[in-house]
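Chemist: Below: one structure in structure tokens.
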Amino acid sequence: MKYVQPELPYDAAALAPAISEETVRFHYGKHEKTYIDNLNALIKDTHFESLSLEEIICESDGALFNNASQAWNHIFYFFSLSPDGGGEPGGDLRRAIDRDFGSFEKFKEDFVKAGTGLFGSGWVWLAADSDGKLFIQADSNAGNPMTSGLTPLLTFDVWEHAYYLDYQNRRADALNALWNIVDWDVVESRY
Ligand code: MN
């Protein structure tokens, strides 16, 4: 077993009320664990065992891509959140958000609009190109902007399993609540 699911740096109940304890336990404890278990089973005794997870994501397709990318995306998502999060970004990232989206408020509005506008399951991303230009990108299913050469900075999971226990069909409410728990120090460190 190559990949081991990392322990979250906060209690399952710590993100409430934005995300309930029950959702963290199902989403990270069960959904994410399954992606990691499947990833380990799919790479066993193949040349993918010697690649990094990012290399697997960029070089695979089908079931291996889906499980590898979902394994990576969920760790990236949950480790971007903190019970001490919220507020606003600063530094170079904030300057780039103001430059490329007009304001932090406009960025949040566009980001949630992209997430609610994605039909079906997927992820909405803030990503940067090699010049530091920022992009909002919505990807279906297990998509990840690294496969098109962009650097992921922040993602919100828009699969129904991410919010249905707490928000039922209200995806926009679920996404807007996440602004209260984004750890901007972590996001800034990726830029
Ligand atoms: Mn998910």
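As shown in the structure tokens, the chain order sets the letters A, B, ...; within each chain, residues go from 1, and ligands are also counted from 1 in the order they appear.
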What are the nearest atom pairs, with distances in Å to one decimal, for all residues of range 53-97 of chain A that come at most 10 Å from range 121-137 of chain A, using only C-alpha atoms, set out by chain and rising residue number as a tab-separated table?
Modeler:
residue	atom	partner	partner_atom	distance
A:Gln70	CA	A:Gly122	CA	9.8
A:Asn73	CA	A:Trp123	CA	8.6
A:Tyr77	CA	A:Trp123	CA	9.7
A:Asp92	CA	A:Gly132	CA	9.6
A:Leu93	CA	A:Gly132	CA	9.0
A:Ala96	CA	A:Leu134	CA	7.0
A:Ile97	CA	A:Leu134	CA	7.2
Chemist: What's around Tyr163 in chain A at 12 Å? Count only C-alpha atoms, leave out sequence neighbours fewer than 4 positions away in its own chain, and write the answer as a PyMOL selection string.
Modeler: chain A and resi 17-24+26-27+121+156-159+167-178
Chemist: Neighbours of Ile181 in chain A within 6 Å (only C-alpha atoms; same-chain residues fewer than 6 positions away dropped), as a PDB file with all heavy atoms, in the first residue's frame?
Modeler:
ATOM      1  N   LEU A  81      -8.871  24.085   4.317  1.00  0.00           N
ATOM      2  CA  LEU A  81      -9.903  24.547   5.244  1.00  0.00           C
ATOM      3  C   LEU A  81      -9.380  24.507   6.670  1.00  0.00           C
ATOM      4  O   LEU A  81      -8.517  23.698   7.001  1.00  0.00           O
ATOM      5  CB  LEU A  81     -11.141  23.657   5.114  1.00  0.00           C
ATOM      6  CG  LEU A  81     -11.745  23.544   3.707  1.00  0.00           C
ATOM      7  CD1 LEU A  81     -12.889  22.544   3.695  1.00  0.00           C
ATOM      8  CD2 LEU A  81     -12.185  24.906   3.174  1.00  0.00           C
ATOM      9  N   SER A  82      -9.926  25.397   7.500  1.00  0.00           N
ATOM     10  CA  SER A  82      -9.492  25.452   8.903  1.00  0.00           C
ATOM     11  C   SER A  82     -10.597  26.079   9.735  1.00  0.00           C
ATOM     12  O   SER A  82     -11.247  27.029   9.283  1.00  0.00           O
ATOM     13  CB  SER A  82      -8.222  26.300   9.026  1.00  0.00           C
ATOM     14  OG  SER A  82      -7.990  26.644  10.384  1.00  0.00           O
ATOM     15  N   PRO A  83     -10.783  25.564  10.985  1.00  0.00           N
ATOM     16  CA  PRO A  83     -11.743  26.236  11.870  1.00  0.00           C
ATOM     17  C   PRO A  83     -11.334  27.679  12.168  1.00  0.00           C
ATOM     18  O   PRO A  83     -12.173  28.477  12.565  1.00  0.00           O
ATOM     19  CB  PRO A  83     -11.728  25.367  13.139  1.00  0.00           C
ATOM     20  CG  PRO A  83     -10.517  24.522  13.042  1.00  0.00           C
ATOM     21  CD  PRO A  83     -10.191  24.363  11.593  1.00  0.00           C
ATOM     22  N   GLY A  85     -10.130  29.602   9.776  1.00  0.00           N
ATOM     23  CA  GLY A  85     -10.056  30.247   8.468  1.00  0.00           C
ATOM     24  C   GLY A  85     -11.061  31.368   8.308  1.00  0.00           C
ATOM     25  O   GLY A  85     -11.641  31.861   9.272  1.00  0.00           O
ATOM     26  N   GLY A  86     -11.243  31.760   7.052  1.00  0.00           N
ATOM     27  CA  GLY A  86     -12.134  32.867   6.730  1.00  0.00           C
ATOM     28  C   GLY A  86     -11.355  34.156   6.538  1.00  0.00           C
ATOM     29  O   GLY A  86     -10.134  34.136   6.379  1.00  0.00           O
TER      30      GLY A  86
END
Chemist: Mind listing the strand (DSSP E or B) residues of range 12-191 of chain A, per DSSP on the backbone, as a PyMOL selection string?
Modeler: chain A and resi 81+122-128+134-140+151-157+182
Chemist: Skipping near chain neighbours, those fewer than 3 positions away, what residues fall within 12 Å of Glu59 in chain A using only C-alpha atoms, listed as an NGL selection string?
Modeler: :A and (47-48 or 51-56 or 62 or 64-66 or 68-69 or 146-148)
Chemist: Report the residues of range 15-104 of chain A whose backbone DSSP state falls under helix (DSSP H, G or I), written as number ranges by chain.
Modeler: A: 21-43, 47-50, 53-59, 62-78, 91-101, 104
Chemist: Take CA of Tyr10 in chain A and CA of Glu160 in chain A and report the distance between them in Å, one decimal.
Modeler: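 One can read the CA of Tyr10 in chain A to CA of Glu160 in chain A distance as 22.8 Å.
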Chemist: Which residue is closest to ligand 1? Choose from A:Ser103, A:Thr116, A:Ser50, A:Thr155 and count only C-alpha atoms and all ligand atoms.
Modeler: A:Thr155
Chemist: Quick one, how far is CA of Asp98 in chain A from CA of Ala142 in chain A?
Modeler: 28.7 Å
Chemist: Hey, can you check how far CA of Gly117 in chain A sits from CA of Asp183 in chain A?
Modeler: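 For CA of Gly117 in chain A relative to CA of Asp183 in chain A, the distance reads 24.2 Å.
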Chemist: Using only C-alpha atoms, find the one residue out of A:Leu42, A:Trp179, A:His161, A:Ile75 that sits nearest to Asp61 in chain A.
Modeler: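 Counting only C-alpha atoms, the residue closest to Asp61 in chain A is A:Leu42.
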Chemist: Give me, as a Markdown table, the closest atom pair and its distance (Å, one decimal) for every residue of range 59-127 of chain A within a cut-off of 7 Å of range 28-35 of chain A, counting only C-alpha atoms, rows sorted by chain and rising number.
Modeler:
| residue | atom | partner | partner_atom | distance |
| --- | --- | --- | --- | --- |
| A:Asn67 | CA | A:Tyr35 | CA | 5.0 |
| A:Gln70 | CA | A:Tyr35 | CA | 6.3 |
| A:Ala71 | CA | A:Tyr35 | CA | 5.3 |
| A:His74 | CA | A:Glu32 | CA | 6.5 |
Chemist: Find the residue from A:Lys108, A:Tyr164, A:Arg95, A:Pro152 that sits nearest to ligand 1; use only C-alpha atoms and all ligand atoms when measuring.
Modeler: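 Between A:Lys108, A:Tyr164, A:Arg95, A:Pro152, the residue approaching ligand 1 most closely is A:Tyr164.
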Chemist: Here is a test: counting only C-alpha atoms and all ligand atoms, which residue of A:Trp184, A:Asp139, A:Phe78, A:Leu8 is nearest to ligand 1?
Modeler: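 Among the listed residues, the smallest separation from ligand 1 belongs to A:Phe78.
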Chemist: Using only C-alpha atoms and all ligand atoms, which of the listed residues (A:Gly102, A:Pro6, A:Gly143, A:Gly149) sits closest to ligand 1?
Modeler: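 Selected residue with least distance to ligand 1: A:Gly143.
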Chemist: Name the closest residue to ligand 1 among the candidates A:Arg99, A:Glu49, A:Ser60, A:Arg25; distances are taken between atoms, counting only C-alpha atoms and all ligand atoms.
Modeler: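 Using only C-alpha atoms and all ligand atoms, the shortest distance to ligand 1 belongs to A:Arg25.
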